[in-house]
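Below: entry.cif (mmCIF, C-alpha atoms)
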data_final
loop_
_atom_site.group_PDB
_atom_site.id
_atom_site.type_symbol
_atom_site.label_atom_id
_atom_site.label_comp_id
_atom_site.auth_asym_id
_atom_site.auth_seq_id
_atom_site.Cartn_x
_atom_site.Cartn_y
_atom_site.Cartn_z
ATOM 1 C CA MET A 169 168.589 -78.053 -156.857
ATOM 2 C CA THR A 170 165.012 -78.840 -155.826
ATOM 3 C CA ARG A 171 163.994 -81.850 -153.807
ATOM 4 C CA PRO A 172 162.635 -84.766 -155.845
ATOM 5 C CA VAL A 173 158.870 -84.939 -156.152
ATOM 6 C CA LEU A 174 157.164 -87.669 -154.140
ATOM 7 C CA PRO A 175 156.233 -90.738 -156.221
ATOM 8 C CA HIS A 176 152.545 -90.773 -155.184
ATOM 9 C CA LEU A 177 151.391 -88.595 -158.067
ATOM 10 C CA GLY A 178 152.867 -90.655 -160.865
ATOM 11 C CA LEU A 179 155.249 -89.993 -163.713
ATOM 12 C CA CYS A 180 153.647 -86.757 -164.893
ATOM 13 C CA CYS A 181 154.251 -85.050 -161.544
ATOM 14 C CA ARG A 182 157.839 -86.274 -161.398
ATOM 15 C CA LEU A 183 158.400 -84.805 -164.847
ATOM 16 C CA THR A 184 156.937 -81.510 -163.656
ATOM 17 C CA GLY A 185 159.387 -81.569 -160.740
ATOM 18 C CA LEU A 186 162.261 -82.243 -163.124
ATOM 19 C CA LEU A 187 161.122 -79.379 -165.321
ATOM 20 C CA GLY A 188 161.168 -77.127 -162.277
ATOM 21 C CA ALA A 189 164.701 -78.249 -161.452
ATOM 22 C CA ILE A 190 165.833 -77.531 -165.013
ATOM 23 C CA LEU A 191 164.281 -74.072 -165.044
ATOM 24 C CA GLU A 192 165.525 -73.201 -161.582
ATOM 25 C CA ASP A 193 168.574 -71.019 -161.849
ATOM 26 C CA PRO A 194 169.599 -68.814 -158.916
ATOM 27 C CA GLY A 195 169.827 -65.787 -161.214
ATOM 28 C CA ASP A 196 166.651 -66.529 -163.160
ATOM 29 C CA LYS A 197 163.230 -66.466 -161.474
ATOM 30 C CA GLN A 198 161.370 -68.071 -164.380
ATOM 31 C CA MET A 199 158.229 -69.906 -163.297
ATOM 32 C CA PHE A 200 156.486 -72.827 -164.931
ATOM 33 C CA ALA A 201 152.799 -73.689 -164.923
ATOM 34 C CA ILE A 202 151.550 -76.682 -162.970
ATOM 35 C CA PRO A 203 148.693 -78.390 -164.795
ATOM 36 C CA ARG A 204 145.282 -78.211 -163.128
ATOM 37 C CA ASP A 205 144.880 -82.005 -163.066
ATOM 38 C CA LEU A 206 148.045 -82.370 -160.971
ATOM 39 C CA ILE A 207 146.789 -79.799 -158.487
ATOM 40 C CA GLU A 208 143.425 -81.589 -158.264
ATOM 41 C CA ARG A 209 145.121 -84.936 -157.755
ATOM 42 C CA ALA A 210 147.450 -83.629 -155.052
ATOM 43 C CA ALA A 211 144.496 -82.021 -153.236
ATOM 44 C CA ARG A 212 142.625 -85.328 -153.374
ATOM 45 C CA VAL A 213 145.499 -87.652 -152.436
ATOM 46 C CA TYR A 214 147.203 -85.818 -149.580
ATOM 47 C CA LYS A 215 145.878 -85.177 -146.092
ATOM 48 C CA SER A 216 147.174 -81.637 -145.661
ATOM 49 C CA ASN A 217 148.016 -78.608 -147.757
ATOM 50 C CA SER A 218 151.665 -78.814 -146.721
ATOM 51 C CA GLU A 219 151.997 -82.443 -147.877
ATOM 52 C CA ALA A 220 150.339 -81.653 -151.206
ATOM 53 C CA SER A 221 152.509 -78.599 -151.775
ATOM 54 C CA LYS A 222 155.685 -80.549 -150.983
ATOM 55 C CA ALA A 223 154.667 -83.224 -153.479
ATOM 56 C CA LEU A 224 154.296 -80.574 -156.171
ATOM 57 C CA GLY A 225 157.492 -78.800 -155.134
ATOM 58 C CA ILE A 226 155.830 -75.458 -154.381
ATOM 59 C CA ALA A 227 155.120 -73.391 -151.260
ATOM 60 C CA SER A 228 151.929 -74.153 -149.335
ATOM 61 C CA GLY A 229 150.635 -70.626 -149.905
ATOM 62 C CA SER A 230 151.118 -71.044 -153.643
ATOM 63 C CA PHE A 231 149.239 -74.349 -153.513
ATOM 64 C CA ALA A 232 146.301 -72.735 -151.700
ATOM 65 C CA ARG A 233 146.295 -69.817 -154.150
ATOM 66 C CA LEU A 234 146.248 -72.166 -157.150
ATOM 67 C CA CYS A 235 143.399 -74.148 -155.593
ATOM 68 C CA ARG A 236 141.371 -70.952 -155.147
ATOM 69 C CA LYS A 237 142.186 -69.891 -158.695
ATOM 70 C CA TYR A 238 140.948 -73.178 -160.192
ATOM 71 C CA GLY A 239 138.090 -73.716 -157.728
ATOM 72 C CA ILE A 240 139.595 -76.857 -156.195
ATOM 73 C CA GLU A 241 138.790 -77.861 -152.618
ATOM 74 C CA THR A 242 142.013 -78.002 -150.580
ATOM 75 C CA PRO A 243 142.659 -80.812 -148.092
ATOM 76 C CA TYR A 244 142.169 -78.287 -145.273
ATOM 77 C CA ALA A 245 138.810 -77.178 -146.674
ATOM 78 C CA ARG A 246 137.781 -80.828 -147.107
ATOM 79 C CA GLN A 247 138.527 -81.550 -143.436
ATOM 80 C CA GLU A 248 136.656 -78.441 -142.306
ATOM 81 C CA ARG A 249 133.630 -79.425 -144.413
ATOM 82 C CA ALA A 250 133.648 -82.930 -142.917
ATOM 83 C CA ARG A 251 133.779 -81.462 -139.395
ATOM 84 C CA ARG A 252 130.938 -79.044 -140.176
ATOM 85 C CA GLU A 253 128.775 -81.844 -141.591
ATOM 86 C CA ALA A 254 129.448 -84.059 -138.579
ATOM 87 C CA ARG A 255 128.470 -81.252 -136.186
ATOM 88 C CA SER A 256 125.295 -80.421 -138.086
ATOM 89 C CA GLN A 257 124.040 -84.017 -137.994
ATOM 90 C CA GLY A 258 124.277 -84.101 -134.208
ATOM 91 C CA LYS A 259 123.285 -86.988 -131.984
ATOM 92 C CA PRO A 260 119.820 -88.477 -132.342
ATOM 93 C CA LYS A 261 117.476 -87.794 -129.424
ATOM 94 C CA ARG A 262 116.784 -90.742 -127.198
ATOM 95 C CA ASP A 263 113.219 -91.773 -126.528
ATOM 96 C CA ARG A 264 112.750 -92.356 -122.798
ATOM 97 C CA GLY A 265 109.468 -94.187 -123.276
ATOM 98 C CA ARG A 266 107.233 -91.577 -121.670
#
Kindly return the structure encoded in the file as structure tokens.
Amino acid sequence: MTRPVLPHLGLCCRLTGLLGAILEDPGDKQMFAIPRDLIERAARVYKSNSEASKALGIASGSFARLCRKYGIETPYARQERARREARSQGKPKRDRGR
């Protein structure tokens, strides 16, 4: 049986987790689709790809692949963009009064 989905994403995500538990049968590898809005919300709410993927009940690689497929910025990509922007702004030059 799968682990319960974290409550942060609301009822719809919990229902998706329950659907996954119902469809999960050791002899049957049937997959179910995760709606795009849930993937977007998980990417926005959680700090890391691993946290977001755990909330959805999928592997972190699958989460990253779905984000690429739908054109969603992952939490990792968001952090990298913030770091890049902070580096590009740099420190302002000081005027020494000369």
At a cut-off of 10 Å, using only C-alpha atoms, what residues contact region 216-218 of chain A? Leave out same-chain residues fewer than 4 positions from it and give the result as an mmCIF file with C-alpha atoms, keeping the file's coordinate frame.
data_model
loop_
_atom_site.group_PDB
_atom_site.id
_atom_site.type_symbol
_atom_site.label_atom_id
_atom_site.label_comp_id
_atom_site.auth_asym_id
_atom_site.auth_seq_id
_atom_site.Cartn_x
_atom_site.Cartn_y
_atom_site.Cartn_z
ATOM 1 C CA ALA A 210 147.450 -83.629 -155.052
ATOM 2 C CA ALA A 211 144.496 -82.021 -153.236
ATOM 3 C CA ARG A 212 142.625 -85.328 -153.374
ATOM 4 C CA LYS A 222 155.685 -80.549 -150.983
ATOM 5 C CA ALA A 223 154.667 -83.224 -153.479
ATOM 6 C CA LEU A 224 154.296 -80.574 -156.171
ATOM 7 C CA ILE A 226 155.830 -75.458 -154.381
ATOM 8 C CA ALA A 227 155.120 -73.391 -151.260
ATOM 9 C CA SER A 228 151.929 -74.153 -149.335
ATOM 10 C CA GLY A 229 150.635 -70.626 -149.905
ATOM 11 C CA PHE A 231 149.239 -74.349 -153.513
ATOM 12 C CA ALA A 232 146.301 -72.735 -151.700
ATOM 13 C CA THR A 242 142.013 -78.002 -150.580
ATOM 14 C CA PRO A 243 142.659 -80.812 -148.092
ATOM 15 C CA TYR A 244 142.169 -78.287 -145.273
ATOM 16 C CA ALA A 245 138.810 -77.178 -146.674
ATOM 17 C CA ARG A 246 137.781 -80.828 -147.107
ATOM 18 C CA GLN A 247 138.527 -81.550 -143.436
#
Gap from CA of Gly239 (chain A) to CA of Arg204 (chain A) - Å, one decimal: 10.1 Å
Kindly give the distance, in Å, that separates CA of Ser230 (chain A) and CA of Ala250 (chain A), rounded to a single decimal.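 Calculated distance between CA of Ser230 (chain A) and CA of Ala250 (chain A) is 23.7 Å.
In this structure, CA of Gly225 (chain A) sits 18.0 Å away from CA of Ile240 (chain A).
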Considering all atoms listed in the file, state which residue in the set A:Glu248, A:Arg264, A:Tyr238, A:Glu219 is at the smallest distance from Asp205 (chain A).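 Smallest distance to Asp205 (chain A) is found for A:Tyr238.
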With distances taken over all atoms listed in the file, which residue among A:Gly258, A:Leu234, A:Glu241, A:Lys215 lies nearest Pro203 (chain A)? A:Leu234
Give, as lines of an AutoDock Vina configuration file, the centre coordinates and the x, y and z edge lengths in Å to one decimal for an axis-aligned box around all listed atoms of region 245-253 of chain A, padded by 5 Å on each side.
center_x = 133.8
center_y = -80.1
center_z = -143.3
size_x = 20.0
size_y = 15.8
size_z = 17.7
Could you complete region 243-254 of chain A so that it carries all heavy atoms, and give it back as an mmCIF file, keeping the file's coordinate frame?
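Saved result, result15.cif, follows:
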data_model
loop_
_atom_site.group_PDB
_atom_site.id
_atom_site.type_symbol
_atom_site.label_atom_id
_atom_site.label_comp_id
_atom_site.auth_asym_id
_atom_site.auth_seq_id
_atom_site.Cartn_x
_atom_site.Cartn_y
_atom_site.Cartn_z
ATOM 1 N N PRO A 243 142.824 -79.824 -149.157
ATOM 2 C CA PRO A 243 142.659 -80.812 -148.092
ATOM 3 C C PRO A 243 142.162 -80.174 -146.792
ATOM 4 O O PRO A 243 141.326 -80.759 -146.089
ATOM 5 C CB PRO A 243 144.072 -81.384 -147.918
ATOM 6 C CG PRO A 243 144.706 -81.205 -149.250
ATOM 7 C CD PRO A 243 144.148 -79.922 -149.779
ATOM 8 N N TYR A 244 142.625 -78.979 -146.481
ATOM 9 C CA TYR A 244 142.169 -78.287 -145.273
ATOM 10 C C TYR A 244 140.671 -77.993 -145.360
ATOM 11 O O TYR A 244 139.920 -78.235 -144.418
ATOM 12 C CB TYR A 244 142.950 -76.991 -145.075
ATOM 13 C CG TYR A 244 142.482 -76.191 -143.888
ATOM 14 C CD1 TYR A 244 142.851 -76.555 -142.604
ATOM 15 C CD2 TYR A 244 141.655 -75.088 -144.054
ATOM 16 C CE1 TYR A 244 142.408 -75.829 -141.512
ATOM 17 C CE2 TYR A 244 141.208 -74.371 -142.979
ATOM 18 C CZ TYR A 244 141.587 -74.743 -141.701
ATOM 19 O OH TYR A 244 141.131 -74.039 -140.630
ATOM 20 N N ALA A 245 140.233 -77.485 -146.491
ATOM 21 C CA ALA A 245 138.810 -77.178 -146.674
ATOM 22 C C ALA A 245 137.968 -78.449 -146.618
ATOM 23 O O ALA A 245 136.852 -78.449 -146.087
ATOM 24 C CB ALA A 245 138.594 -76.458 -148.004
ATOM 25 N N ARG A 246 138.491 -79.542 -147.152
ATOM 26 C CA ARG A 246 137.781 -80.828 -147.107
ATOM 27 C C ARG A 246 137.590 -81.294 -145.670
ATOM 28 O O ARG A 246 136.501 -81.734 -145.281
ATOM 29 C CB ARG A 246 138.565 -81.865 -147.921
ATOM 30 C CG ARG A 246 137.861 -83.189 -148.058
ATOM 31 C CD ARG A 246 138.630 -84.157 -148.930
ATOM 32 N NE ARG A 246 139.923 -84.484 -148.345
ATOM 33 C CZ ARG A 246 141.086 -84.323 -148.944
ATOM 34 N NH1 ARG A 246 141.145 -83.830 -150.162
ATOM 35 N NH2 ARG A 246 142.209 -84.653 -148.350
ATOM 36 N N GLN A 247 138.630 -81.165 -144.849
ATOM 37 C CA GLN A 247 138.527 -81.550 -143.436
ATOM 38 C C GLN A 247 137.541 -80.662 -142.695
ATOM 39 O O GLN A 247 136.738 -81.148 -141.882
ATOM 40 C CB GLN A 247 139.896 -81.482 -142.768
ATOM 41 C CG GLN A 247 140.843 -82.547 -143.226
ATOM 42 C CD GLN A 247 142.241 -82.353 -142.659
ATOM 43 O OE1 GLN A 247 142.497 -81.404 -141.936
ATOM 44 N NE2 GLN A 247 143.140 -83.258 -142.995
ATOM 45 N N GLU A 248 137.588 -79.365 -142.957
ATOM 46 C CA GLU A 248 136.656 -78.441 -142.306
ATOM 47 C C GLU A 248 135.212 -78.747 -142.695
ATOM 48 O O GLU A 248 134.310 -78.698 -141.872
ATOM 49 C CB GLU A 248 136.995 -76.991 -142.663
ATOM 50 C CG GLU A 248 138.234 -76.476 -141.976
ATOM 51 C CD GLU A 248 138.086 -76.447 -140.469
ATOM 52 O OE1 GLU A 248 137.079 -75.911 -139.973
ATOM 53 O OE2 GLU A 248 138.972 -76.985 -139.785
ATOM 54 N N ARG A 249 134.976 -79.079 -143.955
ATOM 55 C CA ARG A 249 133.630 -79.425 -144.413
ATOM 56 C C ARG A 249 133.141 -80.692 -143.720
ATOM 57 O O ARG A 249 131.991 -80.766 -143.273
ATOM 58 C CB ARG A 249 133.611 -79.621 -145.935
ATOM 59 C CG ARG A 249 132.230 -79.968 -146.467
ATOM 60 C CD ARG A 249 132.226 -80.106 -147.985
ATOM 61 N NE ARG A 249 133.320 -80.882 -148.543
ATOM 62 C CZ ARG A 249 133.348 -82.227 -148.602
ATOM 63 N NH1 ARG A 249 132.344 -82.935 -148.136
ATOM 64 N NH2 ARG A 249 134.387 -82.837 -149.143
ATOM 65 N N ALA A 250 134.027 -81.683 -143.593
ATOM 66 C CA ALA A 250 133.648 -82.930 -142.917
ATOM 67 C C ALA A 250 133.299 -82.663 -141.453
ATOM 68 O O ALA A 250 132.330 -83.227 -140.927
ATOM 69 C CB ALA A 250 134.784 -83.943 -143.025
ATOM 70 N N ARG A 251 134.072 -81.798 -140.794
ATOM 71 C CA ARG A 251 133.779 -81.462 -139.395
ATOM 72 C C ARG A 251 132.439 -80.744 -139.273
ATOM 73 O O ARG A 251 131.642 -81.016 -138.384
ATOM 74 C CB ARG A 251 134.882 -80.575 -138.830
ATOM 75 C CG ARG A 251 136.151 -81.301 -138.536
ATOM 76 C CD ARG A 251 137.150 -80.373 -137.839
ATOM 77 N NE ARG A 251 138.459 -80.963 -137.905
ATOM 78 C CZ ARG A 251 139.474 -80.482 -138.597
ATOM 79 N NH1 ARG A 251 139.349 -79.361 -139.269
ATOM 80 N NH2 ARG A 251 140.635 -81.095 -138.612
ATOM 81 N N ARG A 252 132.196 -79.800 -140.190
ATOM 82 C CA ARG A 252 130.938 -79.044 -140.176
ATOM 83 C C ARG A 252 129.737 -79.970 -140.378
ATOM 84 O O ARG A 252 128.726 -79.858 -139.701
ATOM 85 C CB ARG A 252 130.982 -77.993 -141.285
ATOM 86 C CG ARG A 252 130.450 -76.664 -140.910
ATOM 87 C CD ARG A 252 130.544 -75.594 -141.976
ATOM 88 N NE ARG A 252 130.822 -76.008 -143.339
ATOM 89 C CZ ARG A 252 131.989 -75.870 -143.956
ATOM 90 N NH1 ARG A 252 133.014 -75.336 -143.341
ATOM 91 N NH2 ARG A 252 132.155 -76.256 -145.202
ATOM 92 N N GLU A 253 129.862 -80.911 -141.327
ATOM 93 C CA GLU A 253 128.775 -81.844 -141.591
ATOM 94 C C GLU A 253 128.529 -82.756 -140.403
ATOM 95 O O GLU A 253 127.385 -83.061 -140.071
ATOM 96 C CB GLU A 253 129.079 -82.668 -142.841
ATOM 97 C CG GLU A 253 128.996 -81.873 -144.118
ATOM 98 C CD GLU A 253 129.443 -82.653 -145.334
ATOM 99 O OE1 GLU A 253 129.878 -83.828 -145.186
ATOM 100 O OE2 GLU A 253 129.368 -82.102 -146.443
ATOM 101 N N ALA A 254 129.598 -83.185 -139.743
ATOM 102 C CA ALA A 254 129.448 -84.059 -138.579
ATOM 103 C C ALA A 254 128.763 -83.318 -137.434
ATOM 104 O O ALA A 254 127.927 -83.884 -136.725
ATOM 105 C CB ALA A 254 130.813 -84.583 -138.137
#
